Amino acid sequence: MGRRRKRYKRIVKKVRRIPSVYQCPQCGSRSLTIEIKSEAGTRIAYIRCGHCGLKVLAENIPEIYETPDIYGKFIDFYTGSEETNVSFKFIESEELSTEVAEEEDIEGT
């Protein structure tokens with residue numbers, strides 16, 4: 001006679017992924033998205049909040065930057081705590097829609 005054989009629990013490691021939605025500094029909701037576009041050697045990021053309507057255009061983004069890096073630089077710009085090498089501009093909804101439409105036309109041809 002002997003004891004029952006002990007079952008071993010499998011340890012599942014969680015894979016950490018880069019987030020796609022961030023917290024908006026203006027309204028505090030978790031609905032800020034960052035879309036990166038590359039065109040003619042420069043990279044541009046469109047930062048939009050789905051809740052409060054905040055729209056920002058980021059230019060001169062280095063190639064090594066991913067969305068968390070851009071979000072960090074945007075927070076620094078928004079709070080005014082640090083000068084960044086990335087230039088940010090607040091834009092109106094009409095300007096954003098025309099720029100996105102122009103880029104889609106260029107990519108489509």
# chains A, B, ... in the order shown; residues from 1 in each chain; ligands from 1

call {"tool": "select_by_dssp", "arguments": {"residues": "chain A", "states": "strand (DSSP E)", "output": "list in words"}}
result
Val21, Tyr22, Leu32, Thr33, Ile34, Glu35, Ile36, Lys37, Ser38, Glu39, Thr42, Arg43, Ile44, Ala45, Tyr46, Ile47, Arg48, Cys49, Lys55, Val56, Leu57, Ala58, Glu59, Ser87, Phe88, Lys89 and Phe90 of chain A

call {"tool": "write_last_selection", "arguments": {"atoms": "N, CA and C atoms", "output": "JSON list (two decimals), in the first residue's frame"}}
result
[["chain", "number", "residue", "atom", "x", "y", "z"],
["A", 21, "VAL", "N", -4.97, 50.43, -25.75],
["A", 21, "VAL", "CA", -5.81, 51.52, -25.26],
["A", 21, "VAL", "C", -5.17, 52.05, -23.97],
["A", 22, "TYR", "N", -5.10, 53.38, -23.87],
["A", 22, "TYR", "CA", -4.45, 54.02, -22.73],
["A", 22, "TYR", "C", -5.42, 54.95, -22.02],
["A", 32, "LEU", "N", -8.02, 56.10, -24.89],
["A", 32, "LEU", "CA", -7.08, 56.81, -25.75],
["A", 32, "LEU", "C", -6.38, 55.80, -26.65],
["A", 33, "THR", "N", -6.47, 56.02, -27.97],
["A", 33, "THR", "CA", -5.81, 55.13, -28.92],
["A", 33, "THR", "C", -4.72, 55.89, -29.65],
["A", 34, "ILE", "N", -3.67, 55.16, -30.04],
["A", 34, "ILE", "CA", -2.55, 55.74, -30.76],
["A", 34, "ILE", "C", -2.36, 54.96, -32.04],
["A", 35, "GLU", "N", -2.40, 55.67, -33.17],
["A", 35, "GLU", "CA", -2.25, 55.06, -34.49],
["A", 35, "GLU", "C", -1.00, 55.65, -35.14],
["A", 36, "ILE", "N", -0.05, 54.79, -35.51],
["A", 36, "ILE", "CA", 1.22, 55.24, -36.09],
["A", 36, "ILE", "C", 1.18, 55.03, -37.60],
["A", 37, "LYS", "N", 1.56, 56.08, -38.34],
["A", 37, "LYS", "CA", 1.64, 56.01, -39.81],
["A", 37, "LYS", "C", 3.06, 56.38, -40.22],
["A", 38, "SER", "N", 3.59, 55.68, -41.21],
["A", 38, "SER", "CA", 4.90, 56.01, -41.75],
["A", 38, "SER", "C", 4.73, 56.55, -43.16],
["A", 39, "GLU", "N", 5.37, 57.68, -43.44],
["A", 39, "GLU", "CA", 5.30, 58.23, -44.78],
["A", 39, "GLU", "C", 6.60, 58.96, -45.11],
["A", 42, "THR", "N", 9.39, 59.75, -42.51],
["A", 42, "THR", "CA", 8.97, 60.30, -41.22],
["A", 42, "THR", "C", 7.80, 59.49, -40.69],
["A", 43, "ARG", "N", 7.66, 59.49, -39.40],
["A", 43, "ARG", "CA", 6.55, 58.77, -38.77],
["A", 43, "ARG", "C", 5.65, 59.77, -38.07],
["A", 44, "ILE", "N", 4.34, 59.55, -38.20],
["A", 44, "ILE", "CA", 3.33, 60.41, -37.60],
["A", 44, "ILE", "C", 2.41, 59.53, -36.76],
["A", 45, "ALA", "N", 2.00, 60.05, -35.62],
["A", 45, "ALA", "CA", 1.06, 59.31, -34.76],
["A", 45, "ALA", "C", -0.18, 60.16, -34.52],
["A", 46, "TYR", "N", -1.34, 59.53, -34.64],
["A", 46, "TYR", "CA", -2.60, 60.18, -34.33],
["A", 46, "TYR", "C", -3.06, 59.66, -32.97],
["A", 47, "ILE", "N", -3.25, 60.57, -32.04],
["A", 47, "ILE", "CA", -3.67, 60.21, -30.69],
["A", 47, "ILE", "C", -5.09, 60.71, -30.52],
["A", 48, "ARG", "N", -6.03, 59.80, -30.22],
["A", 48, "ARG", "CA", -7.45, 60.16, -30.12],
["A", 48, "ARG", "C", -8.07, 59.56, -28.86],
["A", 49, "CYS", "N", -8.95, 60.34, -28.24],
["A", 49, "CYS", "CA", -9.73, 59.84, -27.12],
["A", 49, "CYS", "C", -11.17, 59.64, -27.61],
["A", 55, "LYS", "N", -7.89, 65.17, -29.68],
["A", 55, "LYS", "CA", -7.19, 64.72, -30.88],
["A", 55, "LYS", "C", -5.86, 65.45, -30.96],
["A", 56, "VAL", "N", -4.79, 64.68, -31.09],
["A", 56, "VAL", "CA", -3.45, 65.24, -31.12],
["A", 56, "VAL", "C", -2.67, 64.57, -32.25],
["A", 57, "LEU", "N", -1.85, 65.36, -32.94],
["A", 57, "LEU", "CA", -0.99, 64.85, -33.99],
["A", 57, "LEU", "C", 0.45, 64.94, -33.50],
["A", 58, "ALA", "N", 1.17, 63.82, -33.54],
["A", 58, "ALA", "CA", 2.58, 63.78, -33.12],
["A", 58, "ALA", "C", 3.44, 63.56, -34.36],
["A", 59, "GLU", "N", 4.46, 64.41, -34.53],
["A", 59, "GLU", "CA", 5.35, 64.31, -35.69],
["A", 59, "GLU", "C", 6.78, 64.11, -35.23],
["A", 87, "SER", "N", 7.23, 66.55, -31.85],
["A", 87, "SER", "CA", 6.37, 67.73, -31.83],
["A", 87, "SER", "C", 4.90, 67.30, -31.81],
["A", 88, "PHE", "N", 4.12, 67.91, -30.93],
["A", 88, "PHE", "CA", 2.71, 67.59, -30.77],
["A", 88, "PHE", "C", 1.88, 68.81, -31.15],
["A", 89, "LYS", "N", 0.73, 68.57, -31.79],
["A", 89, "LYS", "CA", -0.21, 69.64, -32.13],
["A", 89, "LYS", "C", -1.62, 69.16, -31.83],
["A", 90, "PHE", "N", -2.40, 70.01, -31.15],
["A", 90, "PHE", "CA", -3.81, 69.71, -30.98],
["A", 90, "PHE", "C", -4.51, 70.04, -32.29]]

call {"tool": "residues_around", "arguments": {"residues": "A:Glu66", "least_positions_apart": "4", "cutoff": "9 Å", "atoms": "only C-alpha atoms", "output": "CSV table (one decimal) with N, CA and C atoms, in the first residue's frame"}}
result
chain,number,residue,atom,x,y,z
A,18,ILE,N,1.8,44.6,-25.5
A,18,ILE,CA,1.8,46.0,-25.5
A,18,ILE,C,0.3,46.5,-25.5
A,36,ILE,N,0.0,54.8,-35.5
A,36,ILE,CA,1.2,55.2,-36.1
A,36,ILE,C,1.2,55.0,-37.6
A,70,ILE,N,5.4,56.6,-27.3
A,70,ILE,CA,4.7,57.8,-27.7
A,70,ILE,C,3.7,58.3,-26.7
A,71,TYR,N,3.0,57.4,-26.0
A,71,TYR,CA,2.1,57.7,-24.9
A,71,TYR,C,2.9,58.4,-23.8

call {"tool": "closest_residue", "arguments": {"among": "A:Glu82, A:Cys52, A:Lys13, A:Glu63", "to": "A:Pro25", "atoms": "only C-alpha atoms"}}
result
A:Cys52

call {"tool": "select_by_dssp", "arguments": {"residues": "chain A", "states": "helix (DSSP H, G or I)", "output": "PDB file with N, CA and C atoms, in the first residue's frame"}}
result
ATOM      1  N   THR A  67       4.071  52.398 -29.384  1.00  0.00           N
ATOM      2  CA  THR A  67       2.958  53.146 -28.803  1.00  0.00           C
ATOM      3  C   THR A  67       3.162  53.510 -27.332  1.00  0.00           C
ATOM      4  N   PRO A  68       3.737  52.647 -26.462  1.00  0.00           N
ATOM      5  CA  PRO A  68       3.951  53.081 -25.075  1.00  0.00           C
ATOM      6  C   PRO A  68       4.925  54.256 -24.963  1.00  0.00           C
ATOM      7  N   ASP A  69       5.939  54.287 -25.841  1.00  0.00           N
ATOM      8  CA  ASP A  69       6.897  55.390 -25.821  1.00  0.00           C
ATOM      9  C   ASP A  69       6.223  56.697 -26.232  1.00  0.00           C
ATOM     10  N   ILE A  70       5.387  56.628 -27.263  1.00  0.00           N
ATOM     11  CA  ILE A  70       4.672  57.817 -27.729  1.00  0.00           C
ATOM     12  C   ILE A  70       3.696  58.296 -26.661  1.00  0.00           C
ATOM     13  N   TYR A  71       3.039  57.351 -25.989  1.00  0.00           N
ATOM     14  CA  TYR A  71       2.112  57.723 -24.922  1.00  0.00           C
ATOM     15  C   TYR A  71       2.858  58.440 -23.791  1.00  0.00           C
ATOM     16  N   GLY A  72       4.029  57.941 -23.433  1.00  0.00           N
ATOM     17  CA  GLY A  72       4.823  58.579 -22.381  1.00  0.00           C
ATOM     18  C   GLY A  72       5.249  59.989 -22.765  1.00  0.00           C
ATOM     19  N   LYS A  73       5.687  60.165 -24.010  1.00  0.00           N
ATOM     20  CA  LYS A  73       6.070  61.501 -24.482  1.00  0.00           C
ATOM     21  C   LYS A  73       4.852  62.429 -24.536  1.00  0.00           C
ATOM     22  N   PHE A  74       3.675  61.871 -24.915  1.00  0.00           N
ATOM     23  CA  PHE A  74       2.458  62.672 -24.955  1.00  0.00           C
ATOM     24  C   PHE A  74       2.071  63.139 -23.555  1.00  0.00           C
ATOM     25  N   ILE A  75       2.186  62.270 -22.566  1.00  0.00           N
ATOM     26  CA  ILE A  75       1.868  62.649 -21.186  1.00  0.00           C
ATOM     27  C   ILE A  75       2.831  63.739 -20.711  1.00  0.00           C
ATOM     28  N   ASP A  76       4.122  63.614 -21.059  1.00  0.00           N
ATOM     29  CA  ASP A  76       5.084  64.661 -20.709  1.00  0.00           C
ATOM     30  C   ASP A  76       4.706  65.989 -21.352  1.00  0.00           C
ATOM     31  N   PHE A  77       4.292  65.958 -22.619  1.00  0.00           N
ATOM     32  CA  PHE A  77       3.873  67.173 -23.321  1.00  0.00           C
ATOM     33  C   PHE A  77       2.613  67.757 -22.699  1.00  0.00           C
ATOM     34  N   TYR A  78       1.648  66.894 -22.397  1.00  0.00           N
ATOM     35  CA  TYR A  78       0.356  67.364 -21.888  1.00  0.00           C
ATOM     36  C   TYR A  78       0.504  68.010 -20.514  1.00  0.00           C
ATOM     37  N   THR A  79       1.326  67.432 -19.670  1.00  0.00           N
ATOM     38  CA  THR A  79       1.516  67.990 -18.333  1.00  0.00           C
ATOM     39  C   THR A  79       2.541  69.111 -18.315  1.00  0.00           C
ATOM     40  N   SER A  93     -11.350  68.144 -35.456  1.00  0.00           N
ATOM     41  CA  SER A  93     -11.825  66.916 -36.077  1.00  0.00           C
ATOM     42  C   SER A  93     -11.828  67.004 -37.598  1.00  0.00           C
ATOM     43  N   GLU A  94     -12.090  68.194 -38.193  1.00  0.00           N
ATOM     44  CA  GLU A  94     -12.106  68.319 -39.647  1.00  0.00           C
ATOM     45  C   GLU A  94     -10.708  68.125 -40.224  1.00  0.00           C
ATOM     46  N   GLU A  95      -9.689  68.696 -39.557  1.00  0.00           N
ATOM     47  CA  GLU A  95      -8.325  68.551 -40.016  1.00  0.00           C
ATOM     48  C   GLU A  95      -7.895  67.093 -39.993  1.00  0.00           C
ATOM     49  N   LEU A  96      -8.255  66.389 -38.930  1.00  0.00           N
ATOM     50  CA  LEU A  96      -7.869  64.993 -38.784  1.00  0.00           C
ATOM     51  C   LEU A  96      -8.512  64.141 -39.859  1.00  0.00           C
ATOM     52  N   SER A  97      -9.799  64.357 -40.135  1.00  0.00           N
ATOM     53  CA  SER A  97     -10.480  63.526 -41.123  1.00  0.00           C
ATOM     54  C   SER A  97      -9.911  63.754 -42.518  1.00  0.00           C
ATOM     55  N   THR A  98      -9.530  64.995 -42.857  1.00  0.00           N
ATOM     56  CA  THR A  98      -8.953  65.244 -44.181  1.00  0.00           C
ATOM     57  C   THR A  98      -7.562  64.648 -44.298  1.00  0.00           C
ATOM     58  N   GLU A  99      -6.755  64.705 -43.232  1.00  0.00           N
ATOM     59  CA  GLU A  99      -5.415  64.122 -43.278  1.00  0.00           C
ATOM     60  C   GLU A  99      -5.479  62.609 -43.405  1.00  0.00           C
ATOM     61  N   VAL A 100      -6.373  61.974 -42.680  1.00  0.00           N
ATOM     62  CA  VAL A 100      -6.512  60.518 -42.758  1.00  0.00           C
ATOM     63  C   VAL A 100      -7.020  60.121 -44.139  1.00  0.00           C
ATOM     64  N   ALA A 101      -7.971  60.876 -44.699  1.00  0.00           N
ATOM     65  CA  ALA A 101      -8.494  60.581 -46.031  1.00  0.00           C
ATOM     66  C   ALA A 101      -7.409  60.735 -47.091  1.00  0.00           C
ATOM     67  N   GLU A 102      -6.565  61.756 -46.977  1.00  0.00           N
ATOM     68  CA  GLU A 102      -5.477  61.946 -47.925  1.00  0.00           C
ATOM     69  C   GLU A 102      -4.484  60.796 -47.854  1.00  0.00           C
ATOM     70  N   GLU A 103      -4.172  60.331 -46.657  1.00  0.00           N
ATOM     71  CA  GLU A 103      -3.235  59.217 -46.506  1.00  0.00           C
ATOM     72  C   GLU A 103      -3.818  57.934 -47.077  1.00  0.00           C
ATOM     73  N   GLU A 104      -5.110  57.712 -46.888  1.00  0.00           N
ATOM     74  CA  GLU A 104      -5.736  56.518 -47.436  1.00  0.00           C
ATOM     75  C   GLU A 104      -5.731  56.557 -48.955  1.00  0.00           C
ATOM     76  N   ASP A 105      -5.899  57.753 -49.550  1.00  0.00           N
ATOM     77  CA  ASP A 105      -5.840  57.888 -51.007  1.00  0.00           C
ATOM     78  C   ASP A 105      -4.447  57.573 -51.512  1.00  0.00           C
ATOM     79  N   ILE A 106      -3.430  58.057 -50.789  1.00  0.00           N
ATOM     80  CA  ILE A 106      -2.049  57.807 -51.198  1.00  0.00           C
ATOM     81  C   ILE A 106      -1.716  56.337 -51.088  1.00  0.00           C
ATOM     82  N   GLU A 107      -2.139  55.680 -50.017  1.00  0.00           N
ATOM     83  CA  GLU A 107      -1.862  54.255 -49.824  1.00  0.00           C
ATOM     84  C   GLU A 107      -2.641  53.401 -50.815  1.00  0.00           C
ATOM     85  N   GLY A 108      -3.829  53.846 -51.182  1.00  0.00           N
ATOM     86  CA  GLY A 108      -4.674  53.071 -52.099  1.00  0.00           C
ATOM     87  C   GLY A 108      -4.169  53.061 -53.530  1.00  0.00           C
TER      88      GLY A 108
END

call {"tool": "atom_distance", "arguments": {"atom1": "atom CA of A:Tyr65", "atom2": "atom CA of A:Arg16"}}
result
17.9 Å

call {"tool": "closest_residue", "arguments": {"among": "A:Gly53, A:Gly41, A:Gly2, A:Lys9", "to": "A:Gln26", "atoms": "only C-alpha atoms"}}
result
A:Gly53

call {"tool": "atom_distance", "arguments": {"atom1": "atom CA of A:Ser31", "atom2": "atom CA of A:Val86"}}
result
22.1 Å

call {"tool": "atom_distance", "arguments": {"atom1": "atom CA of A:His51", "atom2": "atom CA of A:Glu83"}}
result
27.1 Å

call {"tool": "decode", "arguments": {"residues": "stretch 51-78 of chain A", "atoms": "N, CA and C atoms", "output": "mmCIF file, in the first residue's frame"}}
result
data_model
loop_
_atom_site.group_PDB
_atom_site.id
_atom_site.type_symbol
_atom_site.label_atom_id
_atom_site.label_comp_id
_atom_site.auth_asym_id
_atom_site.auth_seq_id
_atom_site.Cartn_x
_atom_site.Cartn_y
_atom_site.Cartn_z
ATOM 1 N N HIS A 51 -13.721 59.141 -25.728
ATOM 2 C CA HIS A 51 -14.691 59.624 -24.746
ATOM 3 C C HIS A 51 -14.850 61.139 -24.794
ATOM 4 N N CYS A 52 -13.742 61.879 -24.696
ATOM 5 C CA CYS A 52 -13.827 63.346 -24.633
ATOM 6 C C CYS A 52 -13.531 64.027 -25.963
ATOM 7 N N GLY A 53 -13.040 63.298 -26.955
ATOM 8 C CA GLY A 53 -12.787 63.882 -28.262
ATOM 9 C C GLY A 53 -11.434 64.549 -28.413
ATOM 10 N N LEU A 54 -10.504 64.307 -27.512
ATOM 11 C CA LEU A 54 -9.157 64.869 -27.606
ATOM 12 C C LEU A 54 -8.466 64.287 -28.837
ATOM 13 N N LYS A 55 -7.891 65.166 -29.680
ATOM 14 C CA LYS A 55 -7.191 64.717 -30.881
ATOM 15 C C LYS A 55 -5.863 65.452 -30.959
ATOM 16 N N VAL A 56 -4.791 64.677 -31.086
ATOM 17 C CA VAL A 56 -3.449 65.244 -31.123
ATOM 18 C C VAL A 56 -2.669 64.571 -32.249
ATOM 19 N N LEU A 57 -1.851 65.358 -32.939
ATOM 20 C CA LEU A 57 -0.986 64.853 -33.989
ATOM 21 C C LEU A 57 0.454 64.936 -33.499
ATOM 22 N N ALA A 58 1.171 63.823 -33.542
ATOM 23 C CA ALA A 58 2.576 63.778 -33.119
ATOM 24 C C ALA A 58 3.445 63.559 -34.355
ATOM 25 N N GLU A 59 4.460 64.405 -34.527
ATOM 26 C CA GLU A 59 5.345 64.311 -35.689
ATOM 27 C C GLU A 59 6.783 64.111 -35.227
ATOM 28 N N ASN A 60 7.644 63.751 -36.186
ATOM 29 C CA ASN A 60 9.084 63.531 -35.935
ATOM 30 C C ASN A 60 9.325 62.432 -34.912
ATOM 31 N N ILE A 61 8.661 61.320 -35.080
ATOM 32 C CA ILE A 61 8.787 60.193 -34.155
ATOM 33 C C ILE A 61 9.950 59.305 -34.603
ATOM 34 N N PRO A 62 10.906 59.001 -33.734
ATOM 35 C CA PRO A 62 12.006 58.099 -34.101
ATOM 36 C C PRO A 62 11.485 56.690 -34.428
ATOM 37 N N GLU A 63 12.236 55.983 -35.237
ATOM 38 C CA GLU A 63 11.833 54.654 -35.695
ATOM 39 C C GLU A 63 11.716 53.638 -34.549
ATOM 40 N N ILE A 64 12.473 53.825 -33.488
ATOM 41 C CA ILE A 64 12.469 52.828 -32.414
ATOM 42 C C ILE A 64 11.285 52.987 -31.470
ATOM 43 N N TYR A 65 10.534 54.086 -31.567
ATOM 44 C CA TYR A 65 9.412 54.324 -30.662
ATOM 45 C C TYR A 65 8.215 53.455 -31.019
ATOM 46 N N GLU A 66 7.627 52.854 -30.002
ATOM 47 C CA GLU A 66 6.380 52.119 -30.134
ATOM 48 C C GLU A 66 5.277 52.924 -29.435
ATOM 49 N N THR A 67 4.071 52.398 -29.384
ATOM 50 C CA THR A 67 2.958 53.146 -28.803
ATOM 51 C C THR A 67 3.162 53.510 -27.332
ATOM 52 N N PRO A 68 3.737 52.647 -26.462
ATOM 53 C CA PRO A 68 3.951 53.081 -25.075
ATOM 54 C C PRO A 68 4.925 54.256 -24.963
ATOM 55 N N ASP A 69 5.939 54.287 -25.841
ATOM 56 C CA ASP A 69 6.897 55.390 -25.821
ATOM 57 C C ASP A 69 6.223 56.697 -26.232
ATOM 58 N N ILE A 70 5.387 56.628 -27.263
ATOM 59 C CA ILE A 70 4.672 57.817 -27.729
ATOM 60 C C ILE A 70 3.696 58.296 -26.661
ATOM 61 N N TYR A 71 3.039 57.351 -25.989
ATOM 62 C CA TYR A 71 2.112 57.723 -24.922
ATOM 63 C C TYR A 71 2.858 58.440 -23.791
ATOM 64 N N GLY A 72 4.029 57.941 -23.433
ATOM 65 C CA GLY A 72 4.823 58.579 -22.381
ATOM 66 C C GLY A 72 5.249 59.989 -22.765
ATOM 67 N N LYS A 73 5.687 60.165 -24.010
ATOM 68 C CA LYS A 73 6.070 61.501 -24.482
ATOM 69 C C LYS A 73 4.852 62.429 -24.536
ATOM 70 N N PHE A 74 3.675 61.871 -24.915
ATOM 71 C CA PHE A 74 2.458 62.672 -24.955
ATOM 72 C C PHE A 74 2.071 63.139 -23.555
ATOM 73 N N ILE A 75 2.186 62.270 -22.566
ATOM 74 C CA ILE A 75 1.868 62.649 -21.186
ATOM 75 C C ILE A 75 2.831 63.739 -20.711
ATOM 76 N N ASP A 76 4.122 63.614 -21.059
ATOM 77 C CA ASP A 76 5.084 64.661 -20.709
ATOM 78 C C ASP A 76 4.706 65.989 -21.352
ATOM 79 N N PHE A 77 4.292 65.958 -22.619
ATOM 80 C CA PHE A 77 3.873 67.173 -23.321
ATOM 81 C C PHE A 77 2.613 67.757 -22.699
ATOM 82 N N TYR A 78 1.648 66.894 -22.397
ATOM 83 C CA TYR A 78 0.356 67.364 -21.888
ATOM 84 C C TYR A 78 0.504 68.010 -20.514
#
